$ cat my_file18.txt   # compact mmCIF, C-alpha atoms
# COMPACT_ATOMS: atom_id res chain seq x y z
CA MET G 255 -65.57 -3.08 45.12
CA LEU G 256 -67.09 -1.58 42.00
CA GLN G 257 -65.36 1.46 40.54
CA ILE G 258 -68.29 3.59 39.40
CA LEU G 259 -67.39 6.32 36.92
CA TYR G 260 -70.88 7.73 36.26
CA GLU G 261 -74.37 7.01 37.55
CA ASP G 262 -77.85 8.44 37.09
CA ASN G 263 -81.39 7.09 36.76
CA HIS G 264 -80.78 5.89 33.20
CA ILE G 265 -77.21 4.59 32.92
CA ILE G 266 -74.33 3.42 35.06
CA ILE G 267 -70.71 3.25 33.87
CA ILE G 268 -68.11 1.00 35.49
CA ASN G 269 -64.32 0.73 35.27
CA LYS G 270 -64.03 -3.04 34.85
CA LYS G 271 -61.12 -4.91 36.40
CA CYS G 272 -59.08 -7.50 34.50
CA GLY G 273 -60.70 -10.90 35.03
CA ASP G 274 -64.24 -9.61 35.52
CA ILE G 275 -66.73 -11.12 33.10
CA VAL G 276 -69.45 -8.76 31.85
CA GLN G 277 -72.07 -11.39 31.02
CA GLY G 278 -72.49 -15.04 32.05
CA ASP G 279 -70.72 -17.81 30.14
CA LYS G 280 -70.00 -21.53 30.50
CA THR G 281 -67.74 -20.91 33.53
CA GLY G 282 -70.73 -19.97 35.65
CA ASP G 283 -68.63 -17.31 37.41
CA LYS G 284 -70.32 -14.31 38.98
CA THR G 285 -70.60 -11.51 36.45
CA LEU G 286 -70.01 -7.78 36.56
CA ALA G 287 -73.68 -7.33 35.66
CA ASP G 288 -74.62 -9.35 38.76
CA GLU G 289 -72.43 -7.12 40.95
CA VAL G 290 -73.97 -3.95 39.50
CA LYS G 291 -77.50 -5.29 40.04
CA GLN G 292 -76.65 -6.10 43.64
CA TYR G 293 -75.19 -2.62 44.16
CA ILE G 294 -78.35 -0.94 42.74
CA LYS G 295 -80.64 -3.18 44.77
CA GLN G 296 -78.85 -2.35 48.02
CA LYS G 297 -78.31 1.37 47.38
CA TYR G 298 -81.88 2.10 46.36
CA ASN G 299 -83.62 -0.58 48.47
CA LYS G 300 -85.25 -2.05 45.39
CA PRO G 301 -87.55 -5.05 45.94
CA GLY G 302 -87.54 -7.92 43.44
CA ASP G 303 -85.37 -8.12 40.35
CA VAL G 304 -83.32 -5.13 39.23
CA PHE G 305 -83.38 -4.21 35.53
CA LEU G 306 -79.93 -3.86 33.98
CA GLY G 307 -79.30 -3.80 30.26
CA ILE G 308 -75.98 -4.91 28.77
CA THR G 309 -75.15 -2.58 25.90
CA HIS G 310 -71.71 -3.92 24.95
CA ARG G 311 -68.99 -6.22 26.28
CA LEU G 312 -65.29 -6.23 27.09
CA ASP G 313 -63.13 -9.34 26.89
CA ARG G 314 -62.55 -10.91 30.28
CA PRO G 315 -58.79 -10.10 30.44
CA THR G 316 -59.40 -6.50 29.29
CA SER G 317 -59.98 -3.63 31.72
CA GLY G 318 -61.87 -0.38 31.39
CA ILE G 319 -65.20 1.24 30.63
CA VAL G 320 -68.44 -0.73 30.48
CA ILE G 321 -71.77 1.08 30.01
CA PHE G 322 -74.94 -0.47 31.46
CA ALA G 323 -78.51 0.75 30.97
CA ARG G 324 -80.76 1.11 34.01
CA THR G 325 -83.98 1.48 32.00
CA SER G 326 -85.38 -0.19 28.90
CA LYS G 327 -85.60 3.22 27.19
CA ALA G 328 -81.90 3.84 27.75
CA LEU G 329 -81.05 0.30 26.61
CA SER G 330 -82.85 0.57 23.29
CA ARG G 331 -81.35 3.99 22.59
CA LEU G 332 -77.82 2.93 23.55
CA ASN G 333 -78.11 -0.20 21.40
CA LYS G 334 -79.03 2.02 18.46
CA MET G 335 -76.15 4.39 19.21
CA PHE G 336 -73.66 1.52 19.31
CA ALA G 337 -75.06 0.06 16.09
CA GLU G 338 -74.78 3.43 14.33
CA GLN G 339 -71.30 4.06 15.81
CA ASN G 340 -72.42 7.18 17.65
CA ILE G 341 -70.40 6.25 20.74
CA LYS G 342 -66.72 7.10 20.39
CA LYS G 343 -64.51 4.58 22.20
CA THR G 344 -60.78 5.06 22.83
CA TYR G 345 -58.58 2.19 23.97
CA LEU G 346 -55.02 2.03 25.22
CA ALA G 347 -52.78 -0.94 24.47
CA VAL G 348 -49.24 -1.72 25.61
CA VAL G 349 -47.44 -3.78 22.96
CA ASN G 350 -43.98 -5.30 22.66
CA ASN G 351 -42.98 -4.05 19.22
CA ASN G 352 -42.79 -0.66 17.59
CA PRO G 353 -45.63 -0.45 15.04
CA PRO G 354 -44.72 -0.05 11.36
CA LYS G 355 -46.02 3.55 11.37
CA ILE G 356 -46.50 6.15 14.10
CA LYS G 357 -50.20 6.27 13.19
CA ASP G 358 -52.26 4.26 10.74
CA THR G 359 -55.67 2.79 9.96
CA LEU G 360 -55.84 -1.00 9.81
CA THR G 361 -58.46 -2.85 7.78
CA HIS G 362 -58.68 -6.63 7.87
CA PHE G 363 -61.25 -9.39 7.55
CA LEU G 364 -61.79 -11.46 10.68
CA VAL G 365 -63.04 -15.04 10.91
CA ARG G 366 -64.24 -16.09 14.36
CA ASN G 367 -63.57 -19.61 15.61
CA ARG G 368 -66.10 -20.11 18.41
CA LYS G 369 -64.62 -23.41 19.53
CA GLN G 370 -61.23 -21.79 20.13
CA ASN G 371 -62.77 -18.45 21.17
CA LYS G 372 -60.37 -16.73 18.82
CA SER G 373 -60.51 -14.56 15.69
CA TYR G 374 -58.21 -15.04 12.71
CA THR G 375 -57.12 -12.11 10.58
CA ASN G 376 -57.02 -12.08 6.78
CA ASN G 377 -56.08 -9.38 4.32
CA LYS G 378 -58.77 -10.48 1.88
CA GLU G 379 -62.48 -11.03 2.32
CA ASN G 380 -63.94 -14.52 2.28
CA ALA G 381 -67.38 -16.07 2.79
CA ASN G 382 -67.16 -16.28 6.59
CA SER G 383 -65.25 -13.08 7.33
CA LYS G 384 -66.34 -9.73 8.73
CA LYS G 385 -64.62 -6.45 7.93
CA ALA G 386 -62.71 -4.94 10.86
CA SER G 387 -61.25 -1.44 10.97
CA LEU G 388 -59.39 0.59 13.60
CA SER G 389 -56.99 3.51 13.79
CA TYR G 390 -53.99 3.62 16.10
CA GLU G 391 -51.40 6.17 17.17
CA MET G 392 -48.17 5.46 19.03
CA LEU G 393 -48.11 7.79 22.05
CA ALA G 394 -45.05 6.78 24.06
CA GLU G 395 -42.45 4.10 24.69
CA SER G 396 -40.55 2.62 27.60
CA ASP G 397 -37.35 0.58 27.40
CA LYS G 398 -39.26 -2.51 26.21
CA PHE G 399 -42.85 -1.51 25.39
CA PHE G 400 -44.92 0.89 23.29
CA LEU G 401 -48.19 2.62 24.19
CA LEU G 402 -50.83 2.80 21.47
CA LYS G 403 -54.06 4.81 21.42
CA ILE G 404 -56.77 3.04 19.43
CA GLN G 405 -60.07 4.17 17.93
CA LEU G 406 -62.44 1.41 16.87
CA HIS G 407 -64.45 1.85 13.67
CA THR G 408 -66.11 -1.57 13.94
CA GLY G 409 -66.86 -3.82 16.89
CA ARG G 410 -65.67 -7.33 16.08
CA HIS G 411 -64.76 -10.24 18.34
CA HIS G 412 -61.21 -9.77 19.75
CA GLN G 413 -60.69 -7.14 17.04
CA ILE G 414 -57.94 -5.05 18.63
CA ARG G 415 -56.03 -8.11 19.84
CA ALA G 416 -56.19 -9.84 16.45
CA GLN G 417 -55.45 -6.80 14.30
CA LEU G 418 -52.48 -5.65 16.36
CA ALA G 419 -51.07 -9.18 16.35
CA LYS G 420 -51.32 -9.12 12.54
CA ILE G 421 -48.82 -6.23 12.45
CA ASP G 422 -46.55 -7.99 15.00
CA CYS G 423 -47.62 -5.74 17.89
CA TYR G 424 -48.50 -8.22 20.62
CA ILE G 425 -50.40 -6.91 23.63
CA LYS G 426 -48.52 -7.54 26.87
CA GLY G 427 -49.87 -10.66 28.58
CA ASP G 428 -52.02 -11.80 25.65
CA LEU G 429 -50.89 -15.42 25.21
CA LYS G 430 -53.83 -16.20 22.92
CA TYR G 431 -52.60 -13.73 20.31
CA GLY G 432 -48.87 -14.29 20.49
CA PHE G 433 -47.35 -12.56 23.53
CA PRO G 434 -44.87 -15.03 25.08
CA ARG G 435 -45.79 -14.63 28.78
CA SER G 436 -48.95 -14.09 30.78
CA ASN G 437 -49.42 -11.25 33.26
CA PRO G 438 -49.48 -12.17 36.97
CA ASP G 439 -53.16 -11.19 37.27
CA GLY G 440 -54.17 -13.10 34.14
CA GLY G 441 -55.19 -9.87 32.43
CA ILE G 442 -53.76 -8.19 29.36
CA HIS G 443 -52.54 -4.62 28.83
CA LEU G 444 -55.60 -3.52 26.85
CA HIS G 445 -57.78 -0.88 28.50
CA ALA G 446 -61.04 0.78 27.41
CA TYR G 447 -59.89 4.25 28.41
CA LYS G 448 -62.44 6.79 27.21
CA VAL G 449 -66.01 7.06 25.89
CA GLU G 450 -67.72 10.10 24.42
CA PHE G 451 -71.40 10.21 23.51
CA ILE G 452 -74.67 12.09 23.87
CA HIS G 453 -76.68 10.88 26.86
CA PRO G 454 -79.50 8.70 25.49
CA VAL G 455 -82.20 10.42 27.60
CA LYS G 456 -80.84 13.75 28.86
CA LYS G 457 -79.25 14.56 25.47
CA GLU G 458 -76.21 16.04 27.20
CA PRO G 459 -72.61 15.36 26.06
CA ILE G 460 -70.88 12.76 28.21
CA LYS G 461 -67.14 12.17 28.37
CA ILE G 462 -65.83 9.49 30.72
CA ILE G 463 -62.20 8.53 31.38
CA ALA G 464 -61.17 5.38 33.26
CA LYS G 465 -57.76 5.14 34.89
CA PRO G 466 -55.85 1.97 33.85
CA PRO G 467 -55.08 -0.77 36.40
CA ASP G 468 -52.51 -0.11 39.11
CA ASP G 469 -49.26 -1.70 37.96
CA VAL G 470 -45.76 -0.40 37.28
CA LEU G 471 -46.07 -0.26 33.49
CA TRP G 472 -49.54 1.27 33.36
CA ASN G 473 -48.52 3.82 36.02
CA TYR G 474 -45.46 4.79 33.98
CA PHE G 475 -47.54 5.36 30.86
CA TYR G 476 -50.45 6.99 32.70
CA GLU G 477 -48.28 9.94 33.72
CA ILE G 478 -47.64 10.53 30.02
CA ILE G 479 -51.33 10.07 29.17
CA ILE G 480 -52.40 12.71 31.70
CA LYS G 481 -50.08 15.25 30.09
CA LEU G 482 -51.49 14.44 26.66
CA GLU G 483 -55.08 14.83 27.88
CA LYS G 484 -54.58 18.28 29.42
CA PRO G 485 -54.88 20.32 26.19
CA GLU G 486 -58.37 18.93 25.51

$ encode --input "my_file18.txt" --output "structure tokens"
Amino acid sequence: MLQILYEDNHIIIINKKCGDIVQGDKTGDKTLADEVKQYIKQKYNKPGDVFLGITHRLDRPTSGIVIFARTSKALSRLNKMFAEQNIKKTYLAVVNNNPPKIKDTLTHFLVRNRKQNKSYTNNKENANSKKASLSYEMLAESDKFFLLKIQLHTGRHHQIRAQLAKIDCYIKGDLKYGFPRSNPDGGIHLHAYKVEFIHPVKKEPIKIIAKPPDDVLWNYFYEIIIKLEKPE
């Protein structure tokens, strides 16, 4: 079942599960976009093909907010907003090591290896690299793990996973970037938690929060997150 966080005539926002793929790839697996199209077709009795614009993506093992456009007008405007960084995205990550600082901004240069589907992090720029920047803040800790809040300043391939690994903060379950064990569901403890933006058509402020997946560790941290959100 889809977890729909927001829906109107112009956009629809979904809380993606770990393992869902936003857009088709070589696996040929059914995509989240396909599921959303099917939902719209059935709910509104739409004949023929349903228009659905993909405005951004989340890695398959990552959970959280995905914004789709229901009209071409909304798609073009959202694409522009993403390109101009007018959509504020907040992520949560559970990592196995205490970060070097309570809060910091990380800037690296990423080189994407398409064959391996992996990005490599460098401290210096080279011919094939792209600048990647994010800010993090350590919010809480358990007996073995640490909860980080992350703001992206750029949108690079596997950026959060690669940059956190560079400072020895490995996301729980992320074998590809150095965590020693996989999670039972094949996902990783990286969650697109919150988006804030101006609606592309209605011009109203939108703030959407997506609850993390239901597991013991996320549930432990989510109680802390709720308390931190209340003052806003």

$ residues_near_point --input "my_file18.txt" --point "(-80.4, 0.1, 27.0)" --cutoff "12 Å" --atoms "all atoms listed in the file" --output "PyMOL selection string"
chain G and resi 264-266+305-310+321-336+453-455

$ atom_distance --input "my_file18.txt" --atom1 "CA of Asn350 in chain G" --atom2 "CA of Phe399 in chain G"
4.8 Å

$ residues_around --input "my_file18.txt" --residues "Gly409 in chain G" --least-positions-apart "6" --cutoff "10 Å" --atoms "all atoms listed in the file" --output "list in words"
His310, Arg311, Phe336, Ala337, Gln339, Lys385, Ala386, Ser387 and Leu388 of chain G

$ atom_distance --input "my_file18.txt" --atom1 "CA of Asn351 in chain G" --atom2 "CA of Ile425 in chain G"
9.1 Å

$ atom_distance --input "my_file18.txt" --atom1 "CA of Lys369 in chain G" --atom2 "CA of Leu312 in chain G"
18.8 Å

$ residues_around --input "my_file18.txt" --residues "Asp283 in chain G" --least-positions-apart "6" --cutoff "10 Å" --atoms "all atoms listed in the file" --output "number ranges by chain"
G: 274-275, 277

$ closest_residue --input "my_file18.txt" --among "G:Thr344, G:Gln413, G:Ser383, G:Gln292" --to "Ile462 in chain G" --atoms "only C-alpha atoms"
G:Thr344

$ closest_residue --input "my_file18.txt" --among "G:Lys280, G:Arg435, G:Arg314, G:His412" --to "Asn367 in chain G" --atoms "all atoms listed in the file"
G:His412

$ residues_near_point --input "my_file18.txt" --point "(-61.7, 0.9, 31.7)" --cutoff "9 Å" --atoms "all atoms listed in the file" --output "PDB file with C-alpha atoms, in the frame of the given file"
ATOM      1  CA  ILE G 268     -68.110   1.000  35.490  1.00  0.00           C
ATOM      2  CA  ASN G 269     -64.320   0.730  35.270  1.00  0.00           C
ATOM      3  CA  LYS G 270     -64.030  -3.040  34.850  1.00  0.00           C
ATOM      4  CA  LYS G 271     -61.120  -4.910  36.400  1.00  0.00           C
ATOM      5  CA  THR G 316     -59.400  -6.500  29.290  1.00  0.00           C
ATOM      6  CA  SER G 317     -59.980  -3.630  31.720  1.00  0.00           C
ATOM      7  CA  GLY G 318     -61.870  -0.380  31.390  1.00  0.00           C
ATOM      8  CA  ILE G 319     -65.200   1.240  30.630  1.00  0.00           C
ATOM      9  CA  VAL G 320     -68.440  -0.730  30.480  1.00  0.00           C
ATOM     10  CA  TYR G 345     -58.580   2.190  23.970  1.00  0.00           C
ATOM     11  CA  LEU G 444     -55.600  -3.520  26.850  1.00  0.00           C
ATOM     12  CA  HIS G 445     -57.780  -0.880  28.500  1.00  0.00           C
ATOM     13  CA  ALA G 446     -61.040   0.780  27.410  1.00  0.00           C
ATOM     14  CA  TYR G 447     -59.890   4.250  28.410  1.00  0.00           C
ATOM     15  CA  LYS G 448     -62.440   6.790  27.210  1.00  0.00           C
ATOM     16  CA  ILE G 463     -62.200   8.530  31.380  1.00  0.00           C
ATOM     17  CA  ALA G 464     -61.170   5.380  33.260  1.00  0.00           C
ATOM     18  CA  LYS G 465     -57.760   5.140  34.890  1.00  0.00           C
ATOM     19  CA  PRO G 466     -55.850   1.970  33.850  1.00  0.00           C
ATOM     20  CA  PRO G 467     -55.080  -0.770  36.400  1.00  0.00           C
TER      21      PRO G 467
END

$ closest_residue --input "my_file18.txt" --among "G:Lys355, G:Leu401, G:Gly427, G:Arg366" --to "Asp439 in chain G" --atoms "all atoms listed in the file"
G:Gly427

$ residues_around --input "my_file18.txt" --residues "Tyr374 in chain G" --least-positions-apart "4" --cutoff "12 Å" --atoms "only C-alpha atoms" --output "tab-separated table (two decimals) with C-alpha atoms, in the coordinates of the input"
chain	number	residue	atom	x	y	z
G	362	HIS	CA	-58.68	-6.63	7.87
G	363	PHE	CA	-61.25	-9.39	7.55
G	364	LEU	CA	-61.79	-11.46	10.68
G	365	VAL	CA	-63.04	-15.04	10.91
G	366	ARG	CA	-64.24	-16.09	14.36
G	367	ASN	CA	-63.57	-19.61	15.61
G	368	ARG	CA	-66.10	-20.11	18.41
G	370	GLN	CA	-61.23	-21.79	20.13
G	378	LYS	CA	-58.77	-10.48	1.88
G	379	GLU	CA	-62.48	-11.03	2.32
G	380	ASN	CA	-63.94	-14.52	2.28
G	382	ASN	CA	-67.16	-16.28	6.59
G	383	SER	CA	-65.25	-13.08	7.33
G	384	LYS	CA	-66.34	-9.73	8.73
G	385	LYS	CA	-64.62	-6.45	7.93
G	386	ALA	CA	-62.71	-4.94	10.86
G	410	ARG	CA	-65.67	-7.33	16.08
G	411	HIS	CA	-64.76	-10.24	18.34
G	412	HIS	CA	-61.21	-9.77	19.75
G	413	GLN	CA	-60.69	-7.14	17.04
G	414	ILE	CA	-57.94	-5.05	18.63
G	415	ARG	CA	-56.03	-8.11	19.84
G	416	ALA	CA	-56.19	-9.84	16.45
G	417	GLN	CA	-55.45	-6.80	14.30
G	418	LEU	CA	-52.48	-5.65	16.36
G	419	ALA	CA	-51.07	-9.18	16.35
G	420	LYS	CA	-51.32	-9.12	12.54
G	430	LYS	CA	-53.83	-16.20	22.92
G	431	TYR	CA	-52.60	-13.73	20.31

$ closest_residue --input "my_file18.txt" --among "G:Met255, G:Val470, G:Val290, G:Ile341" --to "Phe451 in chain G" --atoms "all atoms listed in the file"
G:Ile341
